[in-house]
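Everything below concerns the one structure shown next.
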Amino acid sequence: MVFHLDKCIGCHTCSIACKNIWTDRKGAEYMWWNNVETKPGTGYPTKWEDQKIYKGGWEKKGNSVDLIGAGKTKGMSRIFHNPNLPVMNNYYEPWTYKYSYLFDAPEGDDQPVARTISLVTGEPIDVKAGPNWDDDLGGSIDYARQDVNMETLTEAEKQAMFQLERMVMFYLPRICNHCLNPSCVASCPSGAIYKRGEDGIVLINQKRCRAWRMCITACPYKKSYYNWNTGKSEKCILCFPRVETGQAPACMHTCVGRIRYLGVMLYDADRIKEIASCDTGDLIERQLEIYLDPFDPVIIAAAKKNGIADSTIDAAQKSPVYKFVKKWGIALPLHPEFRTLPNLFYVPPLLPTMASTSGGLYDSTTDSLWGKAEDTRLPLRYLASLFTAGDTEKIKEVLRKLQAVRLHRRAVTVGDLDKKETEEAMKRSNLDSEMADAIFRLTSLAKFEQRFVIPDAHREEAIEMIENTGDVKGDAGFGFLSKPNRGL
Amino acid sequence: MSDFFFIGLPYGSIVIMVIGTIYRYRSSQFGYSSLSSQFLESNNLYKGIRPFHWGIIFLFFGHLVAFLFPRSVLIWNGDILRLLIIEITAFGFGLLTLWGLIILIIRRVQTKRIHAVTSRMDVVVYIILLVQVITGLFSAYLYRWGTSWFASVMSPYLKSLFIFSPDTAALQAMPLWVQIHVVSAFTMLALIPFTRFVHILVYPLLYFFRSYQRVVWNWDKNKIRNSSKMNVGKPPENN
Ligand code: SF4
Ligand code: SF4
C-alpha cells in the first residue's frame with residue numbers, strides 16, 4: 001500500500017466509507033479502522049505515537065527483538081489488568097443526538113436543541129473529544145503542540161512552526177499497516193490473530209478472541225480496537241471480501257484525492273526476524289531489501305515453486321507499490337522504529353517552502369521555484385521523526401527527488417526554468433526524464449486499474465480443493481451466520 | 001435432602017458443566033470471552049481485579065493440593081508453627097479475594113459505563129462468589145484448623161465422589177457454614193457454561209509454547225493441488 005500525502009485533501013471520505021461498511025455497530029462506534037489525522041497533532045487515540053505511554057511495538061534486545069509491553073512474560077503477568085491499555089477516554093466517548101427533543105420540547109423562549117447522548121450509557125454527556133477533534137490545527141495549543149514528533153525539534157523550530165505566517169499542516173490518513181512483523185499477532189495469547197499467507201492481510205478470528213486485550217497495547221499504531229459490547233477485539237480487515245473479488249478496499253476505492261495505491265509485493269519471509277532486529281539507522285534500507293524484484297527470473301522461479309499463481313506474479317510486476325517503494329524510492333514507512341515492518345508506505349508531503357514577513361507584508365517568493373529541501377516549512381526533523389526514525393538525510397533525499405520531478409515537469413510544460421538547474425536537480429536525484437515522467441503519471445494521472453493492481457484470489461480453487469463444492473453450495477458470506485451476541 | 005445437596009448436586013453440576021461447556025463451545029464460540037470491561041473503566045478495576053484473581057487462584061490451588069495430597073498436608077500441619085503459617089497465609093489470601101471482590105462490586109454498581117455491559121448472569125456471578133468467599137472465611141475462622149479438617153474430612157468426601165461411592169456421613173456432621181461452602185462451590189461449577197466463568201477454561205496456556213508469529217494459509221497449494229484429494233479435505237480453520 002502507498003498513500004501519497006501531497007494529494008490528501010483531508011476530506012475523511014475514506015473514514016466514512018469504512019465506518020458505514022464495518023464499524024457502524026454497537027460497541028464499535030468509537031472505532032475508526034481508517035482515520036485521518038492532522039499533523040502536527042496528537043492523533044487518535046490521543047498521543048498514540050508515544051510508546052512511553054502505550055508500550056506498543058518491538059524493542060531491540062541484543063540480536064533479537066522483544067515486545068515492549070506484551071508477550072509471554074510481560075503480557076501474561078498483566079493479563080488481569082493491563083496498565084498500558086488505552087481506555088475509552090483516550091479515544092472518545094461516542095455519542096448521538098436526542099433528536100426527539102426537537103419535536104417534543106415544550107414551547108419556550110429558546111430554540112430547542114438536540115442534546116448529545118452517550119452511545120454507551122444513553123445519558124446526556126458533554127462531548128470532550130472526537131476522532132479528529134484537532135482537525136485542521138483546531139485548538140493547536142492543546143493538540144498540535146503536544147505532538148510527540150516535536151520532541152526532537154529545537155525551541156526555535158517549535159516557535160517557528162506556530163507563527164501565523166508559517167503555520168503548516170498536512171493530513172495523515174492511517175489504516176492498519178498489515179505489518180510483516182505484526183506485534184498484534186505476537187501478543188495475542190489465544191492465537192486468534194493471524195496473517196493470511198495468500199495476501200498478508202492480518203485478521204482477528206472473532207471466535208477465538210477471548211478479550212485478553214494484549215493486541216491493543218502491542219500494536220504501536222493503535223489499529224487494533226476493543227469492542228466493549230461483544231468483548232472481542234477488532235481491526236481493519238483490508239476489506240478482504242472485496243480484495244478477494246478483485247475490488248479495491250472501500251477506503252481506497254472512495255478516496256477523493258486518489259492518494260491510495262494497492263499492489264502485490266513479493267518478499268522473503270525468512271528474513272523478517274533478522275531485519276526487524278537490525279540497527280535503527282538501517283531499518284528502512286533493510287526493510288526495502290526484503291521486497292524482491294518481481295522481474296528477476298530466479299525470483300519468478302522461486303515464487304512458482306512455492307505455489308504462487310502466475311496471476312499474482314504478473315500483478316507484482318505491475319504493482320504501483322513496487323514502483324513507489326523500490327524502483328523510485330520515494331515512499332517511506334510510518335515510524336519504522338516500531339519494528340513491525342509496516343506494509344503501508346507514505347510519499348511524504350512536499351509542503352511549500354518558507355514564506356517570510358517583511359515590513360508587515362507576507363512574502364512567499366523565493367529565488368528559485370522551490371528553494372532548498374532544507375527550507376521546507378515543516379522542519380526536516382519533524383518529518384524524519386515520522387518517516388525515517390530520525391534520519392534527516394533520508395527524508396531530504398526523498399524530498400529532493402519529488403522536487404526534481406516537479407522541476408522537470410515545469411520545464412516540460414511551461415519551460416521557464418533554467419535548464420542547467422533542472423538537469424542538475426535531476427542528476428542529483430538519479431532521475432532521468434523517463435523516470436520523472438513515470439512518477440508524474442502514476443502520481444497525477446493514474447486510472448483505477450493502475451492504482452489498484454489486485455490479483456485474482458483464486459477462491460474458486462480454494463473451495464474446490466478443500467471441500468466438495470456441492471456441500472457448500474448455497475452458503476454465502478463469512479461462514480458465520482449467527483448474530484454476534486455478547487457472551488453471557 | 002442432604003443426599004440431594006451432597007451427592008445429586010455434585011454429579012449434576014459436573015454433568016452440566018461438561019456438557020454445557022462443550023455444547024456452548026461448539027455452538028457459539030463467539031460467546032467465549034473474559035468480557036473484560038477495562039476499556040470502560042480502568043483505575044478501580046486495577047485495585048480490585050488483581051487482588052481478587054491472585055487471591056482466588058492461590059485458594060483454588062490450595063484446595064487442590066489438600067485434596068490431592070491430604071496426608072502430606074496433615075504431616076506438614078504436625079508442627080504448630082508450620083500450621084500457623086499455612087493457616088494465616090490462606091486466610092490472608094481469602095481476605096485479599098474478598099477485598100478485591102468488594103471493590104469490583106462497588107465499581108460495577110457505581111460506574112455508569114459498566115452498567116451498559118452488566119448482564120443478569122454477572123449479578124449471579126457476584127452473588128455466588130460473595131457467598132463462596134464469605135462462607136469460606138467464616139469456616140476457616142470459626143472452626144480451626146481448616147487445613148487439617150479439610151484434609152481429613154473433605155478430601156475423603158471428594159475422593160468418594162470421584163470413585164463413585166459417595167460417602168457423606170462426615171460432611172453431614174460438619175457445621176452449616178462449611179456445608180453452604182460446599183453447595184455453593186458445586187453450584188458455581190454448574191454455572192460455568194452459563195456465565196463469564198468460561199474464561200477460566202480457555203486460559204491461553206498454549207501461548208507459552210507457540211512461536212510469536214502466526215501465519216494461516218487457506219490451503220497448502222503444493223499439497224492440495226491434487227485432484228485425488230478432492231473429497232477428503234477439511235474446511236479451513238481460520239473462521
Ligand atoms: S498495524 Fe495492523 S498488523 Fe501492524 S501491529 Fe498494528 S494491528 Fe497489527
Ligand atoms: S478520502 Fe483520500 S483524500 Fe480524503 S481524507 Fe481520505 S485519504 Fe485523504
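Simple scheme: letters A, B, ... for chains in C-alpha cells order, numbers from 1 for residues in each chain, numbers from 1 for ligands in the order shown.
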Around ligand 1, at most 10 Å away and counting only C-alpha atoms and all ligand atoms, which residues are there? Put them as a PyMOL selection string, please. chain A and resi 33+56-58+174-187+193-195+200-204+215-225+234-238+338-344
Please, could you write that set of residues out with C-alpha atoms as a PDB file, in the first residue's frame?
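Output file again-v1.pdb follows:
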```pdb
ATOM      1  CA  TRP A  33     -10.264   1.469  11.316  1.00  0.00           C
ATOM      2  CA  GLY A  56       3.449  -0.723  21.741  1.00  0.00           C
ATOM      3  CA  GLY A  57       5.703  -2.336  19.175  1.00  0.00           C
ATOM      4  CA  TRP A  58       9.048  -4.097  19.458  1.00  0.00           C
ATOM      5  CA  ARG A 174      -3.981   5.811   8.721  1.00  0.00           C
ATOM      6  CA  ILE A 175      -5.194   2.251   8.494  1.00  0.00           C
ATOM      7  CA  CYS A 176      -3.736  -0.991   9.801  1.00  0.00           C
ATOM      8  CA  ASN A 177      -0.371  -1.483   8.131  1.00  0.00           C
ATOM      9  CA  HIS A 178      -0.771  -5.250   7.812  1.00  0.00           C
ATOM     10  CA  CYS A 179       2.790  -5.451   9.022  1.00  0.00           C
ATOM     11  CA  LEU A 180       5.381  -8.056   8.097  1.00  0.00           C
ATOM     12  CA  ASN A 181       6.320  -8.464  11.749  1.00  0.00           C
ATOM     13  CA  PRO A 182       2.976  -7.718  13.378  1.00  0.00           C
ATOM     14  CA  SER A 183       3.219  -7.170  17.109  1.00  0.00           C
ATOM     15  CA  CYS A 184      -0.539  -7.651  17.441  1.00  0.00           C
ATOM     16  CA  VAL A 185      -0.214 -11.249  16.233  1.00  0.00           C
ATOM     17  CA  ALA A 186       2.738 -11.899  18.510  1.00  0.00           C
ATOM     18  CA  SER A 187       0.967 -10.524  21.556  1.00  0.00           C
ATOM     19  CA  ILE A 193      -4.790 -13.072  15.329  1.00  0.00           C
ATOM     20  CA  TYR A 194      -3.050 -14.347  12.254  1.00  0.00           C
ATOM     21  CA  LYS A 195      -1.573 -13.200   8.997  1.00  0.00           C
ATOM     22  CA  GLY A 200      -0.734 -10.917   4.012  1.00  0.00           C
ATOM     23  CA  ILE A 201      -3.919  -9.491   5.484  1.00  0.00           C
ATOM     24  CA  VAL A 202      -3.849  -9.567   9.298  1.00  0.00           C
ATOM     25  CA  LEU A 203      -7.128 -10.727  10.815  1.00  0.00           C
ATOM     26  CA  ILE A 204      -8.622 -11.449  14.245  1.00  0.00           C
ATOM     27  CA  CYS A 215      -3.061  -6.671  20.830  1.00  0.00           C
ATOM     28  CA  ILE A 216      -4.421  -3.239  21.649  1.00  0.00           C
ATOM     29  CA  THR A 217      -1.367  -2.469  23.719  1.00  0.00           C
ATOM     30  CA  ALA A 218       1.037  -4.246  21.409  1.00  0.00           C
ATOM     31  CA  CYS A 219       0.047  -2.523  18.158  1.00  0.00           C
ATOM     32  CA  PRO A 220       2.163   0.633  18.142  1.00  0.00           C
ATOM     33  CA  TYR A 221      -0.194   2.218  15.612  1.00  0.00           C
ATOM     34  CA  LYS A 222      -3.226   1.534  17.825  1.00  0.00           C
ATOM     35  CA  LYS A 223      -5.033  -0.111  14.982  1.00  0.00           C
ATOM     36  CA  SER A 224      -6.491  -2.956  16.945  1.00  0.00           C
ATOM     37  CA  TYR A 225      -9.588  -1.953  18.864  1.00  0.00           C
ATOM     38  CA  GLU A 234     -11.480  -5.963  16.049  1.00  0.00           C
ATOM     39  CA  LYS A 235      -9.279  -4.399  13.438  1.00  0.00           C
ATOM     40  CA  CYS A 236      -9.077  -3.321   9.813  1.00  0.00           C
ATOM     41  CA  ILE A 237      -9.632  -6.339   7.574  1.00  0.00           C
ATOM     42  CA  LEU A 238      -8.413  -4.556   4.439  1.00  0.00           C
ATOM     43  CA  PHE A 338       8.387   0.476  15.934  1.00  0.00           C
ATOM     44  CA  ARG A 339       9.951  -2.504  14.123  1.00  0.00           C
ATOM     45  CA  THR A 340       6.749  -4.099  12.940  1.00  0.00           C
ATOM     46  CA  LEU A 341       7.897  -3.633   9.336  1.00  0.00           C
ATOM     47  CA  PRO A 342       4.689  -1.916   8.235  1.00  0.00           C
ATOM     48  CA  ASN A 343       3.444  -2.603   4.724  1.00  0.00           C
ATOM     49  CA  LEU A 344       1.932   0.833   4.253  1.00  0.00           C
TER      50      LEU A 344
END
```
Expected answer as JSON, numbers by chain: chain A residues within 7 Å of chain B, only C-alpha atoms: {"A": [72, 80, 81, 87, 88, 120, 121, 185, 186, 189, 190, 194, 195, 196, 197, 198, 205, 206, 207, 209, 210, 211, 228, 229, 231, 307, 462, 465, 466, 467, 468, 484, 485, 486, 487, 488]}
Do a neighbour search on Val113 (chain A) at 9 Å with only C-alpha atoms, toss out local chain neighbours closer than 5 positions, and write the hits as a ChimeraX atom specification. /A:98-99,101-102,105
So that I can check the surroundings of Arg410 (chain A), please list as a PyMOL selection string every protein, DNA and RNA residue that reaches within 12 Å of it, counting only C-alpha atoms and ignoring chain neighbours fewer than 4 positions away. chain A and resi 369-370+403-406+414-419+422+436-437+440
Take the residues from that selection and put them in a file with C-alpha atoms, as a CSV table (one decimal), in the first residue's frame.
```
chain,number,residue,atom,x,y,z
A,369,LEU,CA,10.8,27.8,-7.8
A,370,TRP,CA,11.3,25.6,-4.8
A,403,GLN,CA,11.1,18.4,-6.2
A,404,ALA,CA,13.2,17.3,-9.2
A,405,VAL,CA,10.1,15.7,-10.7
A,406,ARG,CA,8.2,18.9,-10.4
A,414,VAL,CA,6.0,25.8,-19.0
A,415,GLY,CA,9.6,25.9,-19.9
A,416,ASP,CA,10.5,29.0,-17.9
A,417,LEU,CA,13.2,27.3,-15.8
A,418,ASP,CA,16.9,27.4,-16.1
A,419,LYS,CA,17.7,24.2,-18.0
A,422,THR,CA,16.8,21.4,-13.6
A,436,ALA,CA,10.4,11.5,-13.8
A,437,ASP,CA,7.6,11.3,-16.3
A,440,PHE,CA,4.4,12.2,-12.6
```
Residues up to 8 Å from ligand 2, counting only C-alpha atoms and all ligand atoms: could you list those as an MDAnalysis selection string? chainID A and resid 3 5 7:15 35:36 171:173 251:252 254:260
Looking at only C-alpha atoms, which of A:Ala250, A:Ala144, A:Val243, A:Ala276 is the one that sits closest to Asp66 (chain A)?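 Of A:Ala250, A:Ala144, A:Val243, A:Ala276, the one nearest Asp66 (chain A) is A:Ala276, counting only C-alpha atoms.
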Just give me the gap between CA of Tyr44 (chain A) and CA of Asp134 (chain A) in Å, one decimal is fine.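 So the two atoms, CA of Tyr44 (chain A) and CA of Asp134 (chain A), lie 9.7 Å apart.
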Can you tell me which residues surround Ala151 (chain B) at a distance of at most 7 Å, considering only C-alpha atoms, apart from same-chain residues fewer than 3 positions away, and format the answer as a ChimeraX atom specification? /B:66-67,70,73-74,147-148,154-155
Could those selected residues go to a file with N, CA and C atoms, as a JSON list (two decimals), in the first residue's frame?
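After the write, out.json holds the following:
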```json
[["chain", "number", "residue", "atom", "x", "y", "z"],
["B", 66, "ALA", "N", -4.65, -29.79, 48.89],
["B", 66, "ALA", "CA", -5.16, -30.50, 50.07],
["B", 66, "ALA", "C", -6.02, -31.69, 49.66],
["B", 67, "PHE", "N", -6.68, -31.56, 48.51],
["B", 67, "PHE", "CA", -7.49, -32.68, 48.04],
["B", 67, "PHE", "C", -6.62, -33.82, 47.52],
["B", 70, "PRO", "N", -3.75, -35.18, 50.90],
["B", 70, "PRO", "CA", -4.20, -34.89, 52.26],
["B", 70, "PRO", "C", -3.16, -35.32, 53.30],
["B", 73, "VAL", "N", -0.42, -32.84, 53.75],
["B", 73, "VAL", "CA", -0.89, -31.66, 54.45],
["B", 73, "VAL", "C", -0.93, -31.92, 55.95],
["B", 74, "LEU", "N", -1.43, -33.10, 56.32],
["B", 74, "LEU", "CA", -1.51, -33.42, 57.74],
["B", 74, "LEU", "C", -0.13, -33.49, 58.37],
["B", 147, "THR", "N", -7.20, -26.30, 57.47],
["B", 147, "THR", "CA", -6.36, -27.13, 56.59],
["B", 147, "THR", "C", -6.37, -28.58, 57.06],
["B", 148, "SER", "N", -6.42, -28.76, 58.38],
["B", 148, "SER", "CA", -6.39, -30.13, 58.88],
["B", 148, "SER", "C", -7.71, -30.85, 58.62],
["B", 154, "MET", "N", -12.87, -33.39, 54.16],
["B", 154, "MET", "CA", -13.32, -33.02, 52.83],
["B", 154, "MET", "C", -12.64, -33.86, 51.74],
["B", 155, "SER", "N", -11.36, -34.10, 51.92],
["B", 155, "SER", "CA", -10.66, -34.86, 50.88],
["B", 155, "SER", "C", -11.25, -36.26, 50.71]]
```
List every residue of region 215-369 of chain A that DSSP, applied to the backbone of this structure, places in strand (DSSP E), and write the result as a list in words.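 Everything in region 215-369 of chain A that counts as strand (DSSP E) is Ser224, Tyr225, Tyr226, Asn227, Lys232, Ser233, Glu234, Lys235, Arg260, Tyr261, Leu332, Pro333, Phe345, Tyr346, Val347, Ser356, Thr357, Ser358, Leu361, Tyr362 and Asp363 of chain A.
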Include N, CA and C atoms and write out the residues we just selected as a JSON list (two decimals), in the first residue's frame.
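Just written: selection-v2.json:
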```json
[["chain", "number", "residue", "atom", "x", "y", "z"],
["A", 224, "SER", "N", -5.65, -1.86, 16.51],
["A", 224, "SER", "CA", -6.49, -2.96, 16.95],
["A", 224, "SER", "C", -7.37, -2.35, 18.04],
["A", 225, "TYR", "N", -8.65, -2.62, 17.96],
["A", 225, "TYR", "CA", -9.59, -1.95, 18.86],
["A", 225, "TYR", "C", -10.38, -2.98, 19.66],
["A", 226, "TYR", "N", -10.82, -2.56, 20.85],
["A", 226, "TYR", "CA", -11.61, -3.47, 21.69],
["A", 226, "TYR", "C", -13.09, -3.12, 21.59],
["A", 227, "ASN", "N", -13.88, -4.08, 21.18],
["A", 227, "ASN", "CA", -15.32, -3.86, 21.13],
["A", 227, "ASN", "C", -15.88, -4.11, 22.52],
["A", 232, "LYS", "N", -14.75, -8.54, 22.26],
["A", 232, "LYS", "CA", -13.83, -9.09, 21.26],
["A", 232, "LYS", "C", -13.04, -7.93, 20.66],
["A", 233, "SER", "N", -11.82, -8.19, 20.26],
["A", 233, "SER", "CA", -11.06, -7.14, 19.60],
["A", 233, "SER", "C", -11.31, -7.20, 18.10],
["A", 234, "GLU", "N", -11.23, -6.03, 17.48],
["A", 234, "GLU", "CA", -11.48, -5.96, 16.05],
["A", 234, "GLU", "C", -10.44, -5.07, 15.41],
["A", 235, "LYS", "N", -10.20, -5.28, 14.14],
["A", 235, "LYS", "CA", -9.28, -4.40, 13.44],
["A", 235, "LYS", "C", -9.63, -4.35, 11.96],
["A", 260, "ARG", "N", -4.36, 6.80, -2.87],
["A", 260, "ARG", "CA", -4.05, 5.44, -2.39],
["A", 260, "ARG", "C", -3.73, 4.47, -3.52],
["A", 261, "TYR", "N", -2.75, 3.64, -3.27],
["A", 261, "TYR", "CA", -2.31, 2.65, -4.25],
["A", 261, "TYR", "C", -2.22, 1.30, -3.55],
["A", 332, "LEU", "N", 7.99, 6.04, 2.11],
["A", 332, "LEU", "CA", 8.64, 5.62, 3.35],
["A", 332, "LEU", "C", 7.61, 5.06, 4.34],
["A", 333, "PRO", "N", 8.04, 4.12, 5.19],
["A", 333, "PRO", "CA", 7.11, 3.58, 6.19],
["A", 333, "PRO", "C", 6.91, 4.58, 7.34],
["A", 345, "PHE", "N", 3.19, 2.44, 2.97],
["A", 345, "PHE", "CA", 4.25, 3.42, 2.76],
["A", 345, "PHE", "C", 3.64, 4.77, 2.39],
["A", 346, "TYR", "N", 4.31, 5.82, 2.83],
["A", 346, "TYR", "CA", 3.80, 7.17, 2.58],
["A", 346, "TYR", "C", 4.77, 7.95, 1.71],
["A", 347, "VAL", "N", 4.26, 8.61, 0.69],
["A", 347, "VAL", "CA", 5.07, 9.59, -0.02],
["A", 347, "VAL", "C", 4.97, 10.85, 0.82],
["A", 356, "SER", "N", 8.04, 34.49, 4.31],
["A", 356, "SER", "CA", 8.52, 35.34, 5.39],
["A", 356, "SER", "C", 7.67, 36.61, 5.41],
["A", 357, "THR", "N", 7.76, 37.33, 6.49],
["A", 357, "THR", "CA", 7.08, 38.62, 6.51],
["A", 357, "THR", "C", 8.16, 39.69, 6.51],
["A", 358, "SER", "N", 8.05, 40.61, 5.55],
["A", 358, "SER", "CA", 8.97, 41.73, 5.60],
["A", 358, "SER", "C", 8.14, 43.00, 5.54],
["A", 361, "LEU", "N", 4.42, 42.63, 5.32],
["A", 361, "LEU", "CA", 3.86, 42.01, 4.13],
["A", 361, "LEU", "C", 4.21, 40.53, 4.09],
["A", 362, "TYR", "N", 3.29, 39.76, 3.65],
["A", 362, "TYR", "CA", 3.52, 38.33, 3.55],
["A", 362, "TYR", "C", 4.22, 38.06, 2.23],
["A", 363, "ASP", "N", 5.38, 37.45, 2.32],
["A", 363, "ASP", "CA", 6.18, 37.28, 1.11],
["A", 363, "ASP", "C", 6.52, 35.82, 0.93]]
```
Which residue gives the smallest distance to Val124 (chain B) among B:Leu142, B:Tyr11, B:Gln110, B:Ile192, with only C-alpha atoms counted?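 Ranked by minimum distance to Val124 (chain B), first place goes to B:Ile192.
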Let's see if you can do this: from backbone DSSP, list all helix (DSSP H, G or I) residues in region 79-232 of chain B, as a ChimeraX atom specification. /B:80-110,112-115,120-142,146-162,169-172,176-194,198-201,205-208,221-224,227-229
For the selection just defined, write its residues with C-alpha atoms to a file, as a CSV table (one decimal), in the first residue's frame.
```csv
chain,number,residue,atom,x,y,z
B,80,ILE,CA,2.3,-25.8,65.1
B,81,LEU,CA,4.5,-23.2,63.5
B,82,ARG,CA,4.0,-24.6,60.1
B,83,LEU,CA,0.3,-25.0,60.7
B,84,LEU,CA,0.0,-21.3,61.7
B,85,ILE,CA,2.0,-20.2,58.6
B,86,ILE,CA,-0.3,-22.1,56.2
B,87,GLU,CA,-3.5,-21.1,58.0
B,88,ILE,CA,-2.5,-17.4,58.2
B,89,THR,CA,-1.4,-17.3,54.6
B,90,ALA,CA,-4.5,-19.0,53.3
B,91,PHE,CA,-6.7,-16.7,55.4
B,92,GLY,CA,-4.8,-13.7,54.1
B,93,PHE,CA,-5.4,-14.7,50.5
B,94,GLY,CA,-9.1,-15.2,51.4
B,95,LEU,CA,-9.2,-11.7,52.7
B,96,LEU,CA,-7.4,-10.4,49.6
B,97,THR,CA,-10.0,-12.1,47.5
B,98,LEU,CA,-12.9,-10.6,49.5
B,99,TRP,CA,-11.3,-7.2,49.4
B,100,GLY,CA,-10.9,-7.4,45.6
B,101,LEU,CA,-14.4,-8.7,45.1
B,102,ILE,CA,-15.9,-5.9,47.1
B,103,ILE,CA,-14.1,-3.3,45.1
B,104,LEU,CA,-15.2,-4.9,41.9
B,105,ILE,CA,-18.8,-4.9,43.1
B,106,ILE,CA,-18.7,-1.3,44.2
B,107,ARG,CA,-17.1,-0.4,40.8
B,108,ARG,CA,-19.8,-2.2,38.9
B,109,VAL,CA,-22.6,-0.5,40.9
B,110,GLN,CA,-21.0,2.9,40.7
B,112,LYS,CA,-22.4,4.2,34.7
B,113,ARG,CA,-20.5,2.9,31.7
B,114,ILE,CA,-20.2,-0.5,33.3
B,115,HIS,CA,-24.0,-0.8,33.7
B,120,ARG,CA,-28.1,-10.7,34.7
B,121,MET,CA,-25.6,-13.5,34.8
B,122,ASP,CA,-22.9,-11.1,36.0
B,123,VAL,CA,-25.1,-10.4,39.1
B,124,VAL,CA,-25.4,-14.1,39.7
B,125,VAL,CA,-21.6,-14.4,39.4
B,126,TYR,CA,-21.0,-11.7,42.0
B,127,ILE,CA,-23.5,-13.2,44.4
B,128,ILE,CA,-22.2,-16.7,44.2
B,129,LEU,CA,-18.6,-15.6,44.6
B,130,LEU,CA,-19.5,-13.5,47.6
B,131,VAL,CA,-21.3,-16.4,49.2
B,132,GLN,CA,-18.3,-18.7,48.4
B,133,VAL,CA,-15.7,-16.4,49.8
B,134,ILE,CA,-17.6,-15.3,52.9
B,135,THR,CA,-18.6,-18.9,53.9
B,136,GLY,CA,-15.0,-19.9,53.3
B,137,LEU,CA,-13.6,-17.2,55.5
B,138,PHE,CA,-16.1,-17.9,58.3
B,139,SER,CA,-15.4,-21.7,58.2
B,140,ALA,CA,-11.7,-21.0,58.5
B,141,TYR,CA,-12.2,-18.5,61.3
B,142,LEU,CA,-14.7,-20.4,63.4
B,146,GLY,CA,-9.3,-25.7,58.4
B,147,THR,CA,-6.4,-27.1,56.6
B,148,SER,CA,-6.4,-30.1,58.9
B,149,TRP,CA,-10.1,-31.0,58.8
B,150,PHE,CA,-10.2,-30.3,55.1
B,151,ALA,CA,-7.5,-33.0,54.6
B,152,SER,CA,-9.2,-35.4,56.9
B,153,VAL,CA,-12.9,-34.8,56.2
B,154,MET,CA,-13.3,-33.0,52.8
B,155,SER,CA,-10.7,-34.9,50.9
B,156,PRO,CA,-12.1,-38.3,51.6
B,157,TYR,CA,-15.6,-37.0,50.7
B,158,LEU,CA,-14.4,-35.6,47.4
B,159,LYS,CA,-12.5,-38.7,46.7
B,160,SER,CA,-15.6,-40.8,47.4
B,161,LEU,CA,-17.4,-38.8,44.8
B,162,PHE,CA,-14.7,-39.4,42.3
B,169,ALA,CA,-21.6,-39.1,56.7
B,170,ALA,CA,-18.6,-37.0,57.7
B,171,LEU,CA,-19.8,-34.0,55.8
B,172,GLN,CA,-23.2,-34.1,57.3
B,176,LEU,CA,-23.6,-25.2,58.3
B,177,TRP,CA,-21.0,-22.7,57.1
B,178,VAL,CA,-19.0,-25.5,55.7
B,179,GLN,CA,-22.0,-27.2,54.1
B,180,ILE,CA,-23.0,-24.0,52.4
B,181,HIS,CA,-19.5,-23.5,51.1
B,182,VAL,CA,-19.6,-27.0,49.5
B,183,VAL,CA,-23.0,-26.5,48.0
B,184,SER,CA,-22.1,-23.1,46.5
B,185,ALA,CA,-18.9,-24.5,45.2
B,186,PHE,CA,-20.7,-27.1,43.2
B,187,THR,CA,-23.3,-24.6,42.1
B,188,MET,CA,-20.5,-22.5,40.8
B,189,LEU,CA,-19.3,-25.4,38.8
B,190,ALA,CA,-22.7,-25.8,37.2
B,191,LEU,CA,-22.8,-22.1,36.3
B,192,ILE,CA,-19.5,-22.2,34.3
B,193,PRO,CA,-21.1,-22.7,30.9
B,194,PHE,CA,-23.7,-20.0,31.5
B,198,VAL,CA,-15.9,-19.9,30.9
B,199,HIS,CA,-12.8,-17.8,30.5
B,200,ILE,CA,-11.1,-19.9,33.1
B,201,LEU,CA,-11.4,-22.9,30.8
B,205,LEU,CA,-1.6,-21.9,28.1
B,206,LEU,CA,-0.6,-22.8,24.6
B,207,TYR,CA,0.7,-19.2,24.2
B,208,PHE,CA,3.8,-20.2,26.2
B,221,LYS,CA,-1.2,-25.1,-2.6
B,222,ASN,CA,1.6,-27.6,-3.1
B,223,LYS,CA,-0.1,-30.4,-1.3
B,224,ILE,CA,-3.7,-29.7,-2.1
B,227,SER,CA,-7.3,-33.9,-7.5
B,228,SER,CA,-7.1,-37.3,-5.8
B,229,LYS,CA,-7.7,-35.5,-2.5
```
Distance CA of Ala373 (chain A)-CA of Arg400 (chain A), one decimal place?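 Interatomic distance here is 6.1 Å.
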Near Arg78 (chain A), within 10 Å and counting only C-alpha atoms, which residues show up once chain neighbours fewer than 6 positions away are dropped, as a short mmCIF file (atom, residue, chain, number, x, y, z; two decimals) with all heavy atoms, in the first residue's frame?
```
data_model
loop_
_atom_site.label_atom_id
_atom_site.label_comp_id
_atom_site.auth_asym_id
_atom_site.auth_seq_id
_atom_site.Cartn_x
_atom_site.Cartn_y
_atom_site.Cartn_z
N GLY A 69 5.48 -4.04 25.51
CA GLY A 69 4.54 -4.05 26.63
C GLY A 69 3.65 -5.28 26.68
O GLY A 69 2.63 -5.29 27.35
N ALA A 70 4.00 -6.33 25.94
CA ALA A 70 3.16 -7.53 25.95
C ALA A 70 4.08 -8.74 25.80
O ALA A 70 5.27 -8.62 25.98
CB ALA A 70 2.15 -7.47 24.81
N GLY A 71 3.52 -9.87 25.48
CA GLY A 71 4.35 -11.05 25.27
C GLY A 71 4.18 -12.08 26.37
O GLY A 71 3.35 -11.94 27.26
N ASN A 84 -1.11 -0.61 30.42
CA ASN A 84 -0.84 0.20 29.24
C ASN A 84 -1.96 0.19 28.23
O ASN A 84 -1.79 0.62 27.10
CB ASN A 84 0.46 -0.27 28.58
CG ASN A 84 1.60 -0.34 29.57
OD1 ASN A 84 2.10 -1.41 29.86
ND2 ASN A 84 1.95 0.79 30.13
N TRP A 212 -8.37 -10.81 25.95
CA TRP A 212 -7.20 -10.60 26.82
C TRP A 212 -6.58 -9.23 26.54
O TRP A 212 -5.67 -8.80 27.23
CB TRP A 212 -6.15 -11.70 26.64
CG TRP A 212 -6.64 -13.12 26.79
CD1 TRP A 212 -6.49 -14.11 25.88
CD2 TRP A 212 -7.32 -13.72 27.90
NE1 TRP A 212 -7.04 -15.28 26.35
CE2 TRP A 212 -7.56 -15.06 27.58
CE3 TRP A 212 -7.77 -13.24 29.14
CZ2 TRP A 212 -8.21 -15.95 28.44
CZ3 TRP A 212 -8.42 -14.11 29.99
CH2 TRP A 212 -8.63 -15.45 29.64
N MET A 214 -4.39 -7.85 24.66
CA MET A 214 -2.96 -7.60 24.51
C MET A 214 -2.63 -6.90 23.19
O MET A 214 -1.71 -6.09 23.12
CB MET A 214 -2.19 -8.92 24.59
CG MET A 214 -2.18 -9.51 25.96
SD MET A 214 -1.41 -8.37 27.10
CE MET A 214 -2.15 -8.86 28.63
N ARG B 50 -6.77 -7.37 40.52
CA ARG B 50 -5.53 -8.11 40.80
C ARG B 50 -5.60 -8.84 42.13
O ARG B 50 -5.34 -10.04 42.18
CB ARG B 50 -4.33 -7.17 40.72
CG ARG B 50 -4.02 -6.81 39.28
CD ARG B 50 -2.65 -6.24 39.14
NE ARG B 50 -2.32 -6.07 37.74
CZ ARG B 50 -1.16 -5.61 37.30
NH1 ARG B 50 -0.23 -5.27 38.16
NH2 ARG B 50 -0.93 -5.49 36.02
#
```
